[in-house]
$ cat input_32.cif   # mmCIF, N, CA and C atoms
data_start
loop_
_atom_site.label_atom_id
_atom_site.label_comp_id
_atom_site.auth_asym_id
_atom_site.auth_seq_id
_atom_site.Cartn_x
_atom_site.Cartn_y
_atom_site.Cartn_z
N MET A 24 102.99 -59.71 -4.34
CA MET A 24 103.86 -60.38 -5.29
C MET A 24 103.03 -60.77 -6.50
N ASP A 25 103.47 -60.38 -7.70
CA ASP A 25 102.80 -60.77 -8.92
C ASP A 25 103.46 -62.03 -9.43
N ASP A 26 102.75 -63.15 -9.29
CA ASP A 26 103.34 -64.43 -9.66
C ASP A 26 103.00 -64.85 -11.07
N GLY A 27 102.22 -64.06 -11.78
CA GLY A 27 101.89 -64.38 -13.15
C GLY A 27 100.81 -65.43 -13.28
N LEU A 28 100.28 -65.93 -12.16
CA LEU A 28 99.26 -66.97 -12.22
C LEU A 28 97.88 -66.43 -11.90
N GLY A 29 97.75 -65.15 -11.72
CA GLY A 29 96.45 -64.60 -11.39
C GLY A 29 96.27 -64.52 -9.89
N PRO A 30 95.04 -64.20 -9.46
CA PRO A 30 94.82 -64.00 -8.03
C PRO A 30 94.93 -65.29 -7.25
N THR A 31 95.42 -65.16 -6.05
CA THR A 31 95.47 -66.30 -5.13
C THR A 31 94.71 -65.91 -3.89
N GLU A 32 94.25 -66.90 -3.18
CA GLU A 32 93.57 -66.64 -1.93
C GLU A 32 94.35 -67.30 -0.82
N GLY A 33 94.61 -66.55 0.21
CA GLY A 33 95.25 -67.12 1.39
C GLY A 33 96.75 -67.15 1.30
N GLY A 34 97.35 -67.27 0.13
CA GLY A 34 98.80 -67.26 -0.01
C GLY A 34 99.47 -68.47 0.57
N THR A 35 99.36 -68.69 1.86
CA THR A 35 99.97 -69.85 2.48
C THR A 35 98.92 -70.56 3.32
N GLU A 36 99.13 -71.82 3.51
CA GLU A 36 98.24 -72.60 4.35
C GLU A 36 99.07 -73.32 5.38
N ASP A 37 98.52 -73.52 6.53
CA ASP A 37 99.17 -74.30 7.56
C ASP A 37 98.75 -75.74 7.35
N SER A 38 99.71 -76.66 7.39
CA SER A 38 99.40 -78.05 7.10
C SER A 38 98.69 -78.74 8.25
N GLY A 39 98.44 -78.02 9.34
CA GLY A 39 97.64 -78.59 10.41
C GLY A 39 98.44 -79.44 11.34
N GLY A 40 98.07 -80.71 11.49
CA GLY A 40 98.60 -81.58 12.52
C GLY A 40 99.97 -82.14 12.26
N ASP A 41 100.75 -81.58 11.41
CA ASP A 41 102.08 -82.10 11.13
C ASP A 41 102.97 -81.92 12.36
N ALA A 42 103.43 -83.01 12.91
CA ALA A 42 104.22 -82.97 14.14
C ALA A 42 105.54 -82.24 13.95
N GLY A 43 106.07 -82.23 12.72
CA GLY A 43 107.33 -81.56 12.46
C GLY A 43 107.19 -80.06 12.36
N GLY A 44 105.96 -79.55 12.36
CA GLY A 44 105.74 -78.13 12.32
C GLY A 44 105.96 -77.51 10.95
N SER A 45 106.06 -78.31 9.90
CA SER A 45 106.29 -77.74 8.58
C SER A 45 104.99 -77.15 8.04
N ARG A 46 105.13 -76.07 7.31
CA ARG A 46 103.99 -75.42 6.69
C ARG A 46 103.92 -75.83 5.23
N ALA A 47 102.78 -75.61 4.63
CA ALA A 47 102.63 -75.80 3.20
C ALA A 47 102.26 -74.47 2.59
N SER A 48 102.77 -74.19 1.43
CA SER A 48 102.46 -72.96 0.72
C SER A 48 101.75 -73.33 -0.57
N ARG A 49 100.75 -72.53 -0.94
CA ARG A 49 99.98 -72.83 -2.14
C ARG A 49 99.87 -71.58 -2.98
N GLN A 50 100.08 -71.74 -4.28
CA GLN A 50 99.83 -70.67 -5.23
C GLN A 50 98.87 -71.20 -6.27
N GLY A 51 97.90 -70.41 -6.61
CA GLY A 51 96.88 -70.82 -7.55
C GLY A 51 95.54 -70.82 -6.86
N PRO A 52 94.49 -71.22 -7.58
CA PRO A 52 93.16 -71.20 -6.99
C PRO A 52 93.07 -72.23 -5.86
N PRO A 53 92.34 -71.91 -4.80
CA PRO A 53 92.25 -72.86 -3.68
C PRO A 53 91.48 -74.10 -4.08
N GLY A 54 91.94 -75.24 -3.62
CA GLY A 54 91.22 -76.49 -3.77
C GLY A 54 91.10 -77.04 -5.17
N VAL A 55 92.08 -76.80 -6.03
CA VAL A 55 92.01 -77.38 -7.37
C VAL A 55 92.12 -78.89 -7.24
N VAL A 56 91.15 -79.59 -7.79
CA VAL A 56 91.17 -81.05 -7.79
C VAL A 56 91.05 -81.50 -9.23
N LEU A 57 91.97 -82.33 -9.66
CA LEU A 57 91.92 -82.81 -11.04
C LEU A 57 90.79 -83.82 -11.17
N GLU A 58 89.95 -83.59 -12.16
CA GLU A 58 88.81 -84.47 -12.39
C GLU A 58 89.28 -85.85 -12.81
N ALA A 59 88.58 -86.89 -12.35
CA ALA A 59 88.97 -88.28 -12.59
C ALA A 59 88.96 -88.63 -14.07
N GLU A 60 88.10 -87.98 -14.88
CA GLU A 60 88.01 -88.35 -16.29
C GLU A 60 89.12 -87.77 -17.15
N LEU A 61 89.96 -86.89 -16.60
CA LEU A 61 91.06 -86.33 -17.37
C LEU A 61 92.21 -87.32 -17.47
N GLU A 62 92.84 -87.36 -18.64
CA GLU A 62 94.02 -88.21 -18.84
C GLU A 62 95.20 -87.57 -18.11
N LEU A 63 95.77 -88.29 -17.14
CA LEU A 63 96.83 -87.74 -16.30
C LEU A 63 98.20 -87.98 -16.91
N ARG A 64 99.00 -86.90 -17.00
CA ARG A 64 100.36 -86.98 -17.54
C ARG A 64 101.32 -86.25 -16.61
N GLU A 65 102.59 -86.65 -16.66
CA GLU A 65 103.64 -85.96 -15.92
C GLU A 65 104.30 -84.97 -16.86
N PRO A 66 104.29 -83.68 -16.51
CA PRO A 66 104.95 -82.71 -17.39
C PRO A 66 106.46 -82.82 -17.31
N ALA A 67 107.14 -82.43 -18.38
CA ALA A 67 108.60 -82.39 -18.36
C ALA A 67 109.05 -81.30 -17.39
N VAL A 68 110.12 -81.59 -16.65
CA VAL A 68 110.65 -80.64 -15.66
C VAL A 68 112.15 -80.53 -15.83
N GLU A 69 112.65 -79.31 -15.79
CA GLU A 69 114.08 -79.06 -15.77
C GLU A 69 114.36 -78.27 -14.49
N ALA A 70 115.38 -78.68 -13.76
CA ALA A 70 115.72 -78.01 -12.49
C ALA A 70 117.16 -77.54 -12.53
N LEU A 71 117.36 -76.30 -12.10
CA LEU A 71 118.69 -75.73 -11.96
C LEU A 71 118.82 -75.24 -10.52
N GLN A 72 119.99 -75.46 -9.93
CA GLN A 72 120.19 -75.07 -8.54
C GLN A 72 121.50 -74.31 -8.40
N ASN A 73 121.46 -73.26 -7.61
CA ASN A 73 122.69 -72.61 -7.18
C ASN A 73 122.61 -72.51 -5.65
N PRO A 74 123.61 -72.00 -4.98
CA PRO A 74 123.57 -72.01 -3.52
C PRO A 74 122.41 -71.23 -2.90
N ARG A 75 121.77 -70.33 -3.65
CA ARG A 75 120.73 -69.50 -3.07
C ARG A 75 119.33 -69.77 -3.60
N ARG A 76 119.21 -70.43 -4.75
CA ARG A 76 117.90 -70.61 -5.38
C ARG A 76 117.81 -71.94 -6.12
N ILE A 77 116.57 -72.36 -6.30
CA ILE A 77 116.26 -73.49 -7.17
C ILE A 77 115.30 -72.95 -8.22
N HIS A 78 115.60 -73.18 -9.49
CA HIS A 78 114.74 -72.72 -10.57
C HIS A 78 114.19 -73.95 -11.29
N LEU A 79 112.86 -74.03 -11.39
CA LEU A 79 112.20 -75.14 -12.07
C LEU A 79 111.51 -74.61 -13.31
N THR A 80 111.65 -75.33 -14.41
CA THR A 80 110.90 -75.06 -15.63
C THR A 80 110.04 -76.29 -15.88
N VAL A 81 108.73 -76.09 -15.89
CA VAL A 81 107.76 -77.18 -16.04
C VAL A 81 106.96 -76.91 -17.30
N GLU A 82 106.77 -77.95 -18.11
CA GLU A 82 106.05 -77.80 -19.37
C GLU A 82 104.74 -78.57 -19.36
N PRO A 83 103.66 -77.92 -18.88
CA PRO A 83 102.32 -78.52 -18.99
C PRO A 83 101.58 -77.86 -20.16
N PRO A 84 101.84 -78.26 -21.42
CA PRO A 84 101.27 -77.55 -22.56
C PRO A 84 99.74 -77.56 -22.54
N GLY A 85 99.18 -76.39 -22.79
CA GLY A 85 97.73 -76.27 -22.84
C GLY A 85 97.05 -76.21 -21.49
N ALA A 86 97.82 -76.06 -20.42
CA ALA A 86 97.23 -75.99 -19.09
C ALA A 86 96.32 -74.77 -18.99
N ILE A 87 95.25 -74.91 -18.23
CA ILE A 87 94.34 -73.79 -18.00
C ILE A 87 94.99 -72.90 -16.95
N ARG A 88 95.40 -71.72 -17.37
CA ARG A 88 96.19 -70.80 -16.54
C ARG A 88 95.58 -70.56 -15.16
N ASP A 89 94.29 -70.31 -15.09
CA ASP A 89 93.63 -70.01 -13.82
C ASP A 89 93.47 -71.22 -12.91
N ARG A 90 93.84 -72.40 -13.40
CA ARG A 90 93.66 -73.61 -12.58
C ARG A 90 94.97 -74.31 -12.27
N ILE A 91 96.10 -73.66 -12.54
CA ILE A 91 97.39 -74.22 -12.17
C ILE A 91 97.53 -74.12 -10.66
N ASP A 92 97.88 -75.21 -10.03
CA ASP A 92 98.00 -75.27 -8.57
C ASP A 92 99.41 -75.69 -8.20
N VAL A 93 100.10 -74.86 -7.44
CA VAL A 93 101.46 -75.15 -6.96
C VAL A 93 101.39 -75.23 -5.45
N THR A 94 101.71 -76.39 -4.89
CA THR A 94 101.69 -76.60 -3.45
C THR A 94 103.10 -76.99 -3.00
N MET A 95 103.55 -76.37 -1.90
CA MET A 95 104.92 -76.63 -1.43
C MET A 95 104.97 -76.90 0.06
N THR A 96 105.96 -77.71 0.42
CA THR A 96 106.45 -77.80 1.79
C THR A 96 107.92 -77.42 1.68
N PRO A 97 108.65 -77.26 2.77
CA PRO A 97 110.07 -76.90 2.62
C PRO A 97 110.89 -77.88 1.79
N SER A 98 110.44 -79.14 1.66
CA SER A 98 111.25 -80.12 0.95
C SER A 98 110.58 -80.73 -0.28
N ARG A 99 109.34 -80.32 -0.61
CA ARG A 99 108.63 -80.89 -1.76
C ARG A 99 107.83 -79.81 -2.48
N ILE A 100 107.62 -80.02 -3.78
CA ILE A 100 106.74 -79.15 -4.55
C ILE A 100 105.84 -80.05 -5.40
N ARG A 101 104.57 -79.70 -5.50
CA ARG A 101 103.61 -80.44 -6.32
C ARG A 101 102.92 -79.44 -7.24
N ILE A 102 102.85 -79.80 -8.52
CA ILE A 102 102.24 -78.96 -9.53
C ILE A 102 101.12 -79.77 -10.17
N GLU A 103 99.91 -79.19 -10.21
CA GLU A 103 98.76 -79.83 -10.86
C GLU A 103 98.11 -78.81 -11.78
N ALA A 104 97.69 -79.29 -12.96
CA ALA A 104 97.06 -78.38 -13.91
C ALA A 104 96.24 -79.18 -14.92
N PRO A 105 94.94 -78.90 -15.02
CA PRO A 105 94.15 -79.50 -16.09
C PRO A 105 94.31 -78.70 -17.37
N SER A 106 94.06 -79.33 -18.51
CA SER A 106 94.11 -78.61 -19.78
C SER A 106 92.74 -78.70 -20.45
N ALA A 107 92.53 -77.83 -21.41
CA ALA A 107 91.23 -77.76 -22.09
C ALA A 107 90.96 -78.97 -22.97
N ASP A 108 92.00 -79.73 -23.34
CA ASP A 108 91.81 -80.85 -24.26
C ASP A 108 91.67 -82.20 -23.58
N GLY A 109 91.28 -82.21 -22.31
CA GLY A 109 91.01 -83.47 -21.62
C GLY A 109 92.21 -84.11 -20.96
N ARG A 110 93.32 -83.41 -20.90
CA ARG A 110 94.50 -83.92 -20.20
C ARG A 110 94.64 -83.20 -18.87
N ALA A 111 95.41 -83.79 -17.99
CA ALA A 111 95.75 -83.14 -16.73
C ALA A 111 97.22 -83.45 -16.46
N PHE A 112 97.89 -82.51 -15.87
CA PHE A 112 99.30 -82.66 -15.55
C PHE A 112 99.47 -82.63 -14.05
N ALA A 113 100.28 -83.54 -13.54
CA ALA A 113 100.59 -83.56 -12.11
C ALA A 113 102.02 -84.05 -11.96
N ARG A 114 102.77 -83.35 -11.11
CA ARG A 114 104.15 -83.76 -10.86
C ARG A 114 104.51 -83.32 -9.46
N GLU A 115 105.11 -84.23 -8.71
CA GLU A 115 105.60 -83.92 -7.36
C GLU A 115 107.09 -84.20 -7.34
N LEU A 116 107.84 -83.24 -6.81
CA LEU A 116 109.29 -83.37 -6.78
C LEU A 116 109.80 -83.16 -5.37
N GLU A 117 110.80 -83.95 -5.00
CA GLU A 117 111.51 -83.72 -3.76
C GLU A 117 112.61 -82.71 -4.06
N LEU A 118 112.70 -81.69 -3.25
CA LEU A 118 113.68 -80.63 -3.47
C LEU A 118 115.01 -81.02 -2.83
N PRO A 119 116.13 -80.67 -3.47
CA PRO A 119 117.44 -81.08 -2.95
C PRO A 119 117.82 -80.38 -1.65
N ASP A 120 117.28 -79.19 -1.40
CA ASP A 120 117.56 -78.43 -0.19
C ASP A 120 116.26 -77.78 0.26
N PRO A 121 116.14 -77.49 1.56
CA PRO A 121 114.92 -76.81 2.03
C PRO A 121 114.78 -75.43 1.40
N VAL A 122 113.53 -75.01 1.18
CA VAL A 122 113.26 -73.70 0.60
C VAL A 122 112.40 -72.88 1.54
N ASP A 123 112.45 -71.57 1.35
CA ASP A 123 111.63 -70.63 2.10
C ASP A 123 110.25 -70.61 1.45
N LEU A 124 109.20 -70.96 2.18
CA LEU A 124 107.86 -71.04 1.61
C LEU A 124 107.34 -69.68 1.15
N ASP A 125 107.86 -68.61 1.71
CA ASP A 125 107.44 -67.27 1.28
C ASP A 125 108.28 -66.77 0.11
N GLY A 126 109.28 -67.54 -0.30
CA GLY A 126 110.19 -67.10 -1.35
C GLY A 126 109.99 -67.82 -2.66
N ILE A 127 108.75 -67.85 -3.18
CA ILE A 127 108.50 -68.48 -4.48
C ILE A 127 107.95 -67.42 -5.43
N ALA A 128 108.46 -67.45 -6.64
CA ALA A 128 107.96 -66.58 -7.71
C ALA A 128 107.66 -67.48 -8.90
N THR A 129 106.48 -67.34 -9.48
CA THR A 129 106.09 -68.18 -10.61
C THR A 129 105.55 -67.33 -11.75
N THR A 130 105.76 -67.82 -12.96
CA THR A 130 105.14 -67.24 -14.15
C THR A 130 104.72 -68.38 -15.06
N TYR A 131 103.68 -68.14 -15.87
CA TYR A 131 103.23 -69.12 -16.85
C TYR A 131 103.04 -68.39 -18.16
N ARG A 132 103.88 -68.74 -19.14
CA ARG A 132 103.83 -68.12 -20.46
C ARG A 132 104.06 -69.19 -21.52
N ASN A 133 103.24 -69.13 -22.55
CA ASN A 133 103.42 -70.00 -23.73
C ASN A 133 103.58 -71.48 -23.35
N GLY A 134 102.78 -71.95 -22.41
CA GLY A 134 102.81 -73.36 -22.04
C GLY A 134 103.95 -73.77 -21.13
N VAL A 135 104.68 -72.79 -20.58
CA VAL A 135 105.81 -73.10 -19.70
C VAL A 135 105.63 -72.39 -18.37
N LEU A 136 105.70 -73.16 -17.28
CA LEU A 136 105.63 -72.63 -15.92
C LEU A 136 107.05 -72.54 -15.38
N ASP A 137 107.46 -71.34 -14.99
CA ASP A 137 108.76 -71.13 -14.36
C ASP A 137 108.53 -70.83 -12.89
N ALA A 138 109.26 -71.52 -12.03
CA ALA A 138 109.17 -71.29 -10.59
C ALA A 138 110.57 -71.10 -10.04
N THR A 139 110.76 -70.01 -9.31
CA THR A 139 112.04 -69.75 -8.66
C THR A 139 111.80 -69.82 -7.16
N LEU A 140 112.53 -70.71 -6.49
CA LEU A 140 112.36 -70.95 -5.06
C LEU A 140 113.60 -70.45 -4.34
N SER A 141 113.41 -69.63 -3.33
CA SER A 141 114.53 -69.14 -2.54
C SER A 141 114.94 -70.20 -1.54
N GLY A 142 116.22 -70.50 -1.52
CA GLY A 142 116.74 -71.51 -0.61
C GLY A 142 116.74 -71.03 0.83
N ARG A 143 116.70 -71.99 1.73
CA ARG A 143 116.80 -71.74 3.15
C ARG A 143 117.93 -72.61 3.65
N GLY A 144 119.14 -72.07 3.60
CA GLY A 144 120.31 -72.88 3.99
C GLY A 144 120.71 -73.84 2.90
N ALA A 145 120.49 -73.45 1.64
CA ALA A 145 120.82 -74.34 0.52
C ALA A 145 122.31 -74.63 0.52
N SER A 146 122.64 -75.86 0.27
CA SER A 146 124.04 -76.26 0.26
C SER A 146 124.66 -76.00 -1.10
N THR A 147 125.95 -75.81 -1.12
CA THR A 147 126.67 -75.63 -2.37
C THR A 147 126.90 -76.99 -3.01
N PRO A 148 126.56 -77.15 -4.31
CA PRO A 148 126.78 -78.43 -4.96
C PRO A 148 128.26 -78.80 -4.94
N ALA A 149 128.54 -80.07 -4.80
CA ALA A 149 129.93 -80.56 -4.77
C ALA A 149 130.56 -80.33 -6.14
N PRO A 150 131.82 -79.90 -6.18
CA PRO A 150 132.48 -79.69 -7.48
C PRO A 150 132.64 -81.03 -8.21
N GLU A 151 132.54 -80.95 -9.54
CA GLU A 151 132.69 -82.17 -10.34
C GLU A 151 134.17 -82.42 -10.58
N GLY A 152 134.50 -83.69 -10.71
CA GLY A 152 135.87 -84.03 -11.11
C GLY A 152 136.57 -84.70 -10.07
#
$ encode --input "input_32.cif" --output "structure tokens"
Amino acid sequence: MDDGLGPTEGGTEDSGGDAGGSRASRQGPPGVVLEAELELREPAVEALQNPRRIHLTVEPPGAIRDRIDVTMTPSRIRIEAPSADGRAFARELELPDPVDLDGIATTYRNGVLDATLSGRGASTPAPEG
């Protein structure tokens, strides 16, 4: 899968001792840790959901492409990315429905990270009105 983020190692990781048996999935370089001296900011996020997918648009302007780290569990996603100008972006979101950890596609272009997550039993949103 070409995720637009460059090479990944391992693809998925097992979260280890989690009693619920949930796995974690990681895209990006292994073990990215944001340096303490970077100014930490939350990037803007837009989320769209349909019964089969969740699409996230995240704006970490100036993020270093090779150091964007996306970590997921079936119910959460965390995005971390340092930038060249001394900032770092980190955002963790609870997902409205469980997702398939093998069903993520990401791209990073012009300062915008797009992530499409395949739902796993995603519910249909209630009609408005």
$ select_by_dssp --input "input_32.cif" --residues "segment 46-143 of chain A" --states "strand (DSSP E or B)" --output "VMD selection string"
chain A and resid 47 to 50 62 to 64 67 to 72 76 to 82 86 92 to 96 99 to 106 110 to 117 122 to 132 135 to 142
$ atom_distance --input "input_32.cif" --atom1 "atom C of Thr80 of chain A" --atom2 "atom C of Asp125 of chain A"
18.7 Å
$ atom_distance --input "input_32.cif" --atom1 "atom CA of Ala111 of chain A" --atom2 "atom CA of Thr96 of chain A"
22.0 Å
$ atom_distance --input "input_32.cif" --atom1 "atom CA of Ile77 of chain A" --atom2 "atom CA of Leu118 of chain A"
8.4 Å
$ closest_residue --input "input_32.cif" --among "A:Gly134, A:Glu115, A:Leu63, A:Gly126" --to "Thr94 of chain A" --atoms "only C-alpha atoms"
A:Glu115
$ resolve_selection --input "input_32.cif" --expression "the PyMOL selection byres (((chain A and resi 108 and name CA) around 10) and name CA)" --output "ChimeraX atom specification"
/A:61-62,85-87,105-107,109-111
$ axis_aligned_box --input "input_32.cif" --around "segment 74-91 of chain A" --padding-each-side "5 Å" --output "AutoDock Vina command-line options"
--center_x 108.5 --center_y -74.0 --center_z -12.9 --size_x 40.1 --size_y 19.1 --size_z 29.9
$ resolve_selection --input "input_32.cif" --expression "the PyMOL selection byres ((chain A and resi 82) around 8)" --output "number ranges by chain"
A: 65-69, 79-81, 83-86, 112, 133-137
